[in-house]
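Comments concern the structure below.
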2 protein chains.
Amino acid sequence: MRTAICDMLGIELPLLAFSHCRDVVAAVTNAGGFGVLGASSHTPEQLERELSWIDEQVGGRPYGADIIVPERYEGRGQGLSSEDLAARIPGEHRAFVRRLLHEHGVDPAGSADWPGLEIGFDHEVGERLLDVVFRHPVKLVANALGVPPQYMIDRARAEGVPVAALVGAAEHALKQVEAGVDVLVAQGTEAGGHCGEVTTMVLVPEVVEAIKPVREVPVLAAGGIVTGRQMAAAIALGADGAWTGSVWLTTEEAETAPYTVEKMVAASSRDTVRSRGRTGKPSRQLASAWTQAWDGPDSPEALPMPLQSIVSEPALRHVDSLAEKGDTGARELATYWVGQGVGLMNRVRPAKDVVYEMAEDFAEATQRLTDAAGE
Amino acid sequence: MRTAICDMLGIELPLLAFSHCRDVVAAVTNAGGFGVLGASSHTPEQLERELSWIDEQVGGRPYGADIIVPERYEGRGQGLSSEDLAARIPGEHRAFVRRLLHEHGVDPAGSADWPGLEIGFDHEVGERLLDVVFRHPVKLVANALGVPPQYMIDRARAEGVPVAALVGAAEHALKQVEAGVDVLVAQGTEAGGHCGEVTTMVLVPEVVEAIKPVREVPVLAAGGIVTGRQMAAAIALGADGAWTGSVWLTTEEAETAPYTVEKMVAASSRDTVRSRGRTGKPSRQLASAWTQAWDGPDSPEALPMPLQSIVSEPALRHVDSLAEKGDTGARELATYWVGQGVGLMNRVRPAKDVVYEMAEDFAEATQRLTDAAGE
């Protein structure tokens with residue numbers, strides 16, 4: 001196969017796979033796609049280990065890394081420590097979490113066993129992660145939230161590595177291209193994780209049209225894509241390939257916890273919800289008692305990023321750990337980021353099989369379309 | 001072009017166009033597509049006139065009709081008159097509407113000039129409309145809300161006319177096929193009017209897979225489709241064609257009021273909202289002060305169908321009429337059903353030009369995909 005993104009990245013299949021799991025990244029890259037390691041929750045030392053391991057596995061085949069540095073967040077540029085940020089959380093929100101856990105029979109005290117996530121939002125942390133990234137032969141760096149910071153664009157340009165960024169609205173696409181982004185990921189509302197309101201079917205042609213007057217960069221479609229026929233649809237819509245995430249969560253290589261995998265395999269496309277209850281920005285995840293409570297009438301309203309994560313992550317990690325052990329209340333609360341494509345993810349397979357089946361399904365879809373058009 | 005739906009309906013292009021406007025229906029049919037007249041707000045006498053006019057225009061080319069008879073609604077089967085239904089509306093809701101109009105400088109008394117819409121939900125009315133439909137050479141009858149009533153399926157079968165029904169979830173698709181529906185319209189959340197939560201990109205492959213074990217009927221993709229590249233995407237996803245609605249609202253033939261057309265041409269894909277505030281069921285429409293109020297924290301919560309329409313329609317028709325005259329407050333309140341595809345509807349064109357441009361864009365998208373696949 002051949003599209004602009006295949007040429008840019010040196011890949012056979014225009015299929016990019018975002019995963020926090022190095023094994024998935026290596027497997028997809030080795031199968032002819034392009035793995036992208038989600039690196040924002042790593043320390044620089046961890047990231048160094050992961051990328052070195054990937055280098056050993058892929059024998060020079062291309063892969064990338066994704067580092068989240070949001071444009072706007074609470075306390076940005078104020079040099080605040082984690083403690084300073086934690087002090088900004090209203091008592092009402094902490095009490096709401098305690099009550100919510102309690103109502104589902106989960107001891108809130110257990111959250112203390114789970115340290116707050118390393119908030120990799122700091123630009124200083126971002127730069128240290130980029131130092132690590134550029135010591136390895138990465139072929140793409142991505143920023144999954146908003147316009148990438150200027151230092152990321154400058155640094156990547158100096159290293160000759162293209163920069164990708166996610167957009168959820170055509171208006172943002174223009175801003176990204178003007179900022180110097182080389183690859184746009186047009187991500188529809190059906191996507192897992194942070195997402196906008198516009199669906200992939202509408203967003204992709206909008207983004208392709210919006211950037212035409214400025215600079216034509218490759219556009220990848222994201223959101224809901226877990227099959228080859230959807231990859232084909234993405235290219236019909238004007239994209240140069242697909243950016244995927246959810247589909248890798250239920251592969252054999254993924255580190256997704258067994259109970260979460262079970263939940264995803266059983267889930268229908270209507271079992272996800274776009275909620276602010278985890279990070280403070282709308283992100284799509286499995287609907288659960290947690291998301292219901294934060295989106296419900298008694299919610300104190302989610303806090304801005306990253307404060308909401310400081311409240312939610314220790315509690316949710318505690319919940320996940322209990323859910324894995326079979327705790328009923330914890331299972332009601334447990335949630336995980338995944339897109340509506342979860343309705344089409346019905347079995348656990350090796351990542352390379354997913355790649356091969358997507359390639360085959362893509363070919364069949366292309367045939368279906370040429371058959372329809374012919375005659 | 002050739003797909004299962006082309007064969008079934010005897011059309012050249014697998015493009016179905018739902019419109020309340022007979023001129024659009026005739027223009028699309030005459031251009032090689034398939035017009036479907038939305039007939040649920042007509043009286044039998046009006047419908048007779050519209051279909052006779054269409055017959056004169058299309059010279060035997062195929063077209064269809066759509067009649068909404070929802071499965072479930074307040075007061076169903078209780079033989080209630082419009083007055084009985086009106087009596088079920090809480091004073092709080094009427095007061096909310098009066099206050100809302102007042103806040104935007106619109107005199108609530110003016111709503112009295114607008115009679116309540118003829119609620120064509122009654123099965124008796126539905127049967128009378130079907131009597132009219134079958135006096136004309138319609139090639140498809142559709143039911144846009146839930147499983148069609150048994151008398152519609154039986155009657156259509158006796159007349160040798162296929163029945164189409166809309167579904168917003170894969171689970172409903174099975175129920176529809178088991179009930180005897182001949183064509184499924186898998187309608188994504190981006191669609192204008194009543195819609196579910198799942199996007200077209202995910203729903204179409206889900207519906208196609210879901211019905212396989214039962215009976216393979218043609219599936220049309222709906223939701224967000226206003227260009228030929230999206231039609232191509234629909235077929236890549238496994239659909240046999242596209243069901244469209246919004247794109248016809250800004251054609252020259254449409255009866256859409258000029259201010260509404262202006263608003264749609266200017267709107268982005270993010271200017272629509274899925275709200276219960278008009279009919280009581282979630283339906284996608286232009287976001288406005290009206291939808292905001294009903295979806296907001298002070299809302300008394302929309303009433304079940306058809307009660308909400310009895311409260312909302314006279315007020316909104318009054319608002320529309322003032323908005324057309326330039327009233328600022330009314331323009332803030334005015335809303336209209338349209339899908340996210342509105343972001344791609346940027347000029348007013350004759351309906352036949354839309355058909356021809358979609359056919360051309362479809363061909364280009366097919367070429368793009370075969371080029372990508374072919375190395």
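Just remember, in the structure tokens the first chain shown is A, the second B, etc., residues are 1-based per chain, and ligands are 1-based in the order shown.
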In segment 57-162 of chain B, what's helix (DSSP H, G or I) per DSSP? Answer as number ranges by chain? B: 57-58, 82-87, 91-103, 108-113, 123-133, 150-159
For segment 280-288 of chain A: contacts at 10 Å, only C-alpha atoms, fewer than 3 positions along chain excluded, given as a ChimeraX atom specification: /A:73,189-197,260,263-264,267-277,291-293,301-309,312,330-340,342
File of the preceding selection, C-alpha atoms, as a CSV table (one decimal), in the first residue's frame:
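Contents of the output file result28.csv:
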```csv
chain,number,residue,atom,x,y,z
A,73,TYR,CA,-3.7,23.6,32.4
A,189,THR,CA,-15.7,11.9,19.2
A,190,GLU,CA,-15.9,8.1,19.1
A,191,ALA,CA,-12.2,7.8,20.1
A,192,GLY,CA,-11.1,6.6,23.5
A,193,GLY,CA,-9.4,9.1,25.8
A,194,HIS,CA,-9.6,12.9,25.2
A,195,CYS,CA,-11.8,13.7,22.3
A,196,GLY,CA,-14.0,16.4,20.9
A,197,GLU,CA,-17.7,16.3,19.8
A,260,THR,CA,-10.6,-4.7,32.1
A,263,LYS,CA,-15.2,-5.9,30.4
A,264,MET,CA,-14.0,-4.6,27.0
A,267,ALA,CA,-18.9,-4.2,26.0
A,268,SER,CA,-21.1,-2.8,23.2
A,269,SER,CA,-20.4,0.5,21.5
A,270,ARG,CA,-23.0,2.1,23.8
A,271,ASP,CA,-21.0,1.2,26.9
A,272,THR,CA,-18.7,4.2,26.7
A,273,VAL,CA,-19.2,7.7,27.7
A,274,ARG,CA,-17.5,11.0,27.2
A,275,SER,CA,-16.9,12.3,30.7
A,276,ARG,CA,-14.9,14.9,32.6
A,277,GLY,CA,-14.8,12.7,35.7
A,291,THR,CA,-18.5,8.4,35.5
A,292,GLN,CA,-22.2,8.4,36.3
A,293,ALA,CA,-21.5,10.1,39.7
A,301,GLU,CA,-18.3,19.3,38.8
A,302,ALA,CA,-14.9,17.9,37.7
A,303,LEU,CA,-11.9,20.1,38.4
A,304,PRO,CA,-9.6,21.5,35.7
A,305,MET,CA,-6.7,19.5,34.4
A,306,PRO,CA,-4.5,18.3,36.2
A,307,LEU,CA,-6.4,18.7,39.5
A,308,GLN,CA,-9.1,16.2,38.6
A,309,SER,CA,-6.5,13.5,37.9
A,312,SER,CA,-9.3,10.6,40.7
A,330,ALA,CA,-15.0,-1.8,42.8
A,331,ARG,CA,-16.2,-3.5,39.5
A,332,GLU,CA,-19.1,-1.1,39.4
A,333,LEU,CA,-16.8,1.9,39.7
A,334,ALA,CA,-13.9,0.7,37.5
A,335,THR,CA,-13.6,2.5,34.2
A,336,TYR,CA,-10.9,2.7,31.5
A,337,TRP,CA,-10.3,4.8,28.4
A,338,VAL,CA,-11.6,3.1,25.3
A,339,GLY,CA,-13.5,4.3,22.2
A,340,GLN,CA,-16.9,3.2,20.8
A,342,VAL,CA,-15.0,-1.5,21.7
```
Per-residue nearest contacts of chain A to chain B (9 Å; only C-alpha atoms) as a tab-separated table:
```
residue	atom	partner	partner_atom	distance
A:Met1	CA	B:Glu375	CA	4.5
A:Arg2	CA	B:Ala372	CA	4.8
A:Thr3	CA	B:Ala372	CA	5.5
A:Ala169	CA	B:Arg270	CA	7.9
A:Ala170	CA	B:Ser269	CA	8.7
A:Thr189	CA	B:Thr199	CA	8.2
A:Glu190	CA	B:Thr199	CA	6.6
A:Glu197	CA	B:Arg270	CA	6.8
A:Val198	CA	B:Arg270	CA	6.4
A:Thr199	CA	B:Thr199	CA	6.4
A:Thr200	CA	B:Met201	CA	6.9
A:Met201	CA	B:Met201	CA	6.3
A:Val202	CA	B:Gly224	CA	5.8
A:Leu203	CA	B:Ser269	CA	7.9
A:Pro205	CA	B:Leu344	CA	8.1
A:Glu206	CA	B:Leu344	CA	6.6
A:Gly223	CA	B:Met201	CA	8.4
A:Gly224	CA	B:Val202	CA	5.8
A:Ile225	CA	B:Val202	CA	7.6
A:Val226	CA	B:Val202	CA	8.9
A:Thr227	CA	B:Pro205	CA	8.9
A:Gly228	CA	B:Leu237	CA	8.8
A:Arg229	CA	B:Leu237	CA	5.1
A:Gln230	CA	B:Leu237	CA	5.8
A:Met231	CA	B:Ala236	CA	8.8
A:Ala232	CA	B:Ala236	CA	6.1
A:Ala233	CA	B:Ala233	CA	4.0
A:Ala234	CA	B:Ala233	CA	6.9
A:Ile235	CA	B:Leu369	CA	6.1
A:Ala236	CA	B:Ala365	CA	4.8
A:Leu237	CA	B:Arg229	CA	5.1
A:Gly238	CA	B:Ala365	CA	7.3
A:Asp240	CA	B:Ala372	CA	8.4
A:Ser268	CA	B:Ala170	CA	8.8
A:Ser269	CA	B:Val198	CA	6.5
A:Arg270	CA	B:Val198	CA	6.4
A:Pro297	CA	B:Pro297	CA	8.7
A:Gln340	CA	B:Val202	CA	6.8
A:Gly341	CA	B:Val202	CA	5.9
A:Gly343	CA	B:Glu206	CA	7.4
A:Leu344	CA	B:Glu206	CA	6.6
A:Phe362	CA	B:Ala373	CA	8.4
A:Ala363	CA	B:Ala373	CA	7.1
A:Glu364	CA	B:Ala236	CA	8.6
A:Ala365	CA	B:Ala236	CA	4.8
A:Thr366	CA	B:Ala236	CA	6.5
A:Gln367	CA	B:Thr370	CA	8.4
A:Arg368	CA	B:Ala236	CA	6.6
A:Leu369	CA	B:Ala236	CA	5.8
A:Thr370	CA	B:Thr366	CA	6.5
A:Asp371	CA	B:Arg2	CA	7.5
A:Ala372	CA	B:Arg2	CA	4.9
A:Ala373	CA	B:Met1	CA	4.7
A:Gly374	CA	B:Met1	CA	5.9
A:Glu375	CA	B:Met1	CA	5.5
```
Determine, counting only C-alpha atoms, which protein, DNA and RNA residues have an atom within 7 Å of an atom of Trp243 of chain B; residues of the same chain fewer than 6 positions away are not included. Present the result as JSON, numbers by chain. {"B": [15, 16, 17, 185, 220, 221, 222]}
Next, dump the selected residues to file, keeping only C-alpha atoms, as a compact mmCIF listing (two decimals), in the first residue's frame.
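The resulting file, out_37.txt, is reproduced below:
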```
# COMPACT_ATOMS: atom_id res chain seq x y z
CA LEU B 15 -28.13 7.65 -2.64
CA LEU B 16 -31.41 8.02 -0.78
CA ALA B 17 -32.59 11.53 0.03
CA VAL B 185 -30.84 2.48 7.80
CA LEU B 220 -27.82 2.06 4.30
CA ALA B 221 -25.46 4.30 6.26
CA ALA B 222 -26.87 7.53 7.64
```
I need the residues of segment 33-81 of chain B that end up classed as strand (DSSP E) by DSSP on the backbone, written out as a compact mmCIF listing (two decimals) with N, CA, C and O atoms, in the first residue's frame.
```
# COMPACT_ATOMS: atom_id res chain seq x y z
N PHE B 34 -32.63 8.50 -5.19
CA PHE B 34 -33.94 8.01 -4.77
C PHE B 34 -34.47 8.97 -3.70
O PHE B 34 -33.95 9.01 -2.58
N GLY B 35 -35.47 9.76 -4.07
CA GLY B 35 -36.07 10.69 -3.11
C GLY B 35 -37.07 9.98 -2.21
O GLY B 35 -37.79 9.10 -2.66
N VAL B 36 -37.09 10.38 -0.95
CA VAL B 36 -38.05 9.82 0.01
C VAL B 36 -38.77 10.99 0.68
O VAL B 36 -38.14 11.80 1.36
N LEU B 37 -40.08 11.07 0.46
CA LEU B 37 -40.85 12.18 1.03
C LEU B 37 -41.16 11.92 2.50
O LEU B 37 -41.77 10.90 2.84
N GLY B 38 -40.73 12.82 3.36
CA GLY B 38 -41.08 12.74 4.79
C GLY B 38 -42.51 13.21 4.94
O GLY B 38 -42.82 14.38 4.77
N TYR B 63 -39.33 6.46 -6.29
CA TYR B 63 -39.20 7.28 -5.09
C TYR B 63 -39.93 6.58 -3.95
O TYR B 63 -40.59 5.56 -4.16
N GLY B 64 -39.81 7.12 -2.74
CA GLY B 64 -40.43 6.49 -1.57
C GLY B 64 -41.07 7.50 -0.64
O GLY B 64 -41.08 8.70 -0.91
N ALA B 65 -41.63 6.98 0.45
CA ALA B 65 -42.27 7.84 1.44
C ALA B 65 -41.90 7.36 2.84
O ALA B 65 -41.70 6.16 3.06
N ASP B 66 -41.81 8.30 3.76
CA ASP B 66 -41.44 7.99 5.14
C ASP B 66 -42.55 8.46 6.08
O ASP B 66 -42.98 9.61 6.03
```
From the set B:Leu249, B:Val133, B:Leu174, B:Ala323, which residue has the shortest atom-to-atom contact distance to Met345 of chain B, counting only C-alpha atoms? B:Leu249
Residues near Ser52 of chain B, anyone? I mean within 12 Å using only C-alpha atoms, not counting same-chain ones fewer than 3 positions away, as an MDAnalysis selection string. chainID B and resid 22 26 45:49 55:60 132:138
Output N, CA, C and O atoms of each residue in that selection to a file, as a short mmCIF file (atom, residue, chain, number, x, y, z; two decimals), in the first residue's frame.
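And here's again-v3.cif as it stands now:
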```
data_model
loop_
_atom_site.label_atom_id
_atom_site.label_comp_id
_atom_site.auth_asym_id
_atom_site.auth_seq_id
_atom_site.Cartn_x
_atom_site.Cartn_y
_atom_site.Cartn_z
N ARG B 22 -41.33 18.14 -1.59
CA ARG B 22 -41.55 17.32 -2.79
C ARG B 22 -40.59 17.68 -3.92
O ARG B 22 -40.21 16.83 -4.72
N ALA B 26 -38.37 14.94 -6.01
CA ALA B 26 -38.43 14.77 -7.46
C ALA B 26 -37.06 15.04 -8.10
O ALA B 26 -36.62 14.29 -8.99
N GLU B 45 -54.93 14.28 2.86
CA GLU B 45 -55.27 15.08 1.68
C GLU B 45 -54.02 15.77 1.12
O GLU B 45 -53.79 15.77 -0.10
N GLN B 46 -53.22 16.35 2.02
CA GLN B 46 -51.97 16.99 1.57
C GLN B 46 -51.06 15.96 0.92
O GLN B 46 -50.47 16.21 -0.13
N LEU B 47 -50.95 14.81 1.56
CA LEU B 47 -50.04 13.78 1.06
C LEU B 47 -50.47 13.34 -0.35
O LEU B 47 -49.62 13.16 -1.24
N GLU B 48 -51.78 13.22 -0.55
CA GLU B 48 -52.30 12.84 -1.86
C GLU B 48 -51.84 13.86 -2.92
O GLU B 48 -51.36 13.48 -3.99
N ARG B 49 -51.97 15.14 -2.59
CA ARG B 49 -51.54 16.19 -3.53
C ARG B 49 -50.05 16.12 -3.82
O ARG B 49 -49.62 16.21 -4.97
N ASP B 55 -45.48 12.23 -8.89
CA ASP B 55 -45.72 11.31 -10.01
C ASP B 55 -45.61 12.02 -11.36
O ASP B 55 -45.04 11.49 -12.31
N GLU B 56 -46.17 13.24 -11.40
CA GLU B 56 -46.10 14.01 -12.65
C GLU B 56 -44.68 14.38 -13.04
O GLU B 56 -44.34 14.50 -14.21
N GLN B 57 -43.85 14.62 -12.01
CA GLN B 57 -42.49 15.10 -12.26
C GLN B 57 -41.50 14.01 -12.65
O GLN B 57 -40.57 14.27 -13.40
N VAL B 58 -41.66 12.82 -12.09
CA VAL B 58 -40.56 11.85 -12.18
C VAL B 58 -40.69 10.84 -13.31
O VAL B 58 -39.78 10.03 -13.52
N GLY B 59 -41.80 10.89 -14.03
CA GLY B 59 -41.95 10.02 -15.21
C GLY B 59 -41.66 8.56 -14.92
O GLY B 59 -40.93 7.91 -15.69
N GLY B 60 -42.18 8.06 -13.82
CA GLY B 60 -42.01 6.64 -13.52
C GLY B 60 -40.73 6.28 -12.80
O GLY B 60 -40.54 5.12 -12.40
N VAL B 132 -52.99 6.32 1.33
CA VAL B 132 -52.62 7.28 0.29
C VAL B 132 -51.34 6.83 -0.41
O VAL B 132 -51.26 6.77 -1.65
N VAL B 133 -50.33 6.49 0.40
CA VAL B 133 -49.03 6.10 -0.15
C VAL B 133 -49.20 4.98 -1.18
O VAL B 133 -48.64 5.04 -2.28
N PHE B 134 -50.01 3.99 -0.84
CA PHE B 134 -50.10 2.83 -1.73
C PHE B 134 -51.01 3.05 -2.94
O PHE B 134 -51.12 2.19 -3.80
N ARG B 135 -51.64 4.21 -3.01
CA ARG B 135 -52.34 4.56 -4.26
C ARG B 135 -51.35 5.09 -5.29
O ARG B 135 -51.73 5.35 -6.42
N HIS B 136 -50.08 5.27 -4.87
CA HIS B 136 -49.06 5.81 -5.76
C HIS B 136 -47.96 4.77 -5.95
O HIS B 136 -47.83 3.86 -5.13
N PRO B 137 -47.19 4.93 -7.04
CA PRO B 137 -46.18 3.89 -7.32
C PRO B 137 -44.92 4.01 -6.47
O PRO B 137 -43.81 4.03 -7.01
N VAL B 138 -45.08 4.09 -5.14
CA VAL B 138 -43.88 4.20 -4.29
C VAL B 138 -43.10 2.89 -4.30
O VAL B 138 -43.69 1.81 -4.39
#
```
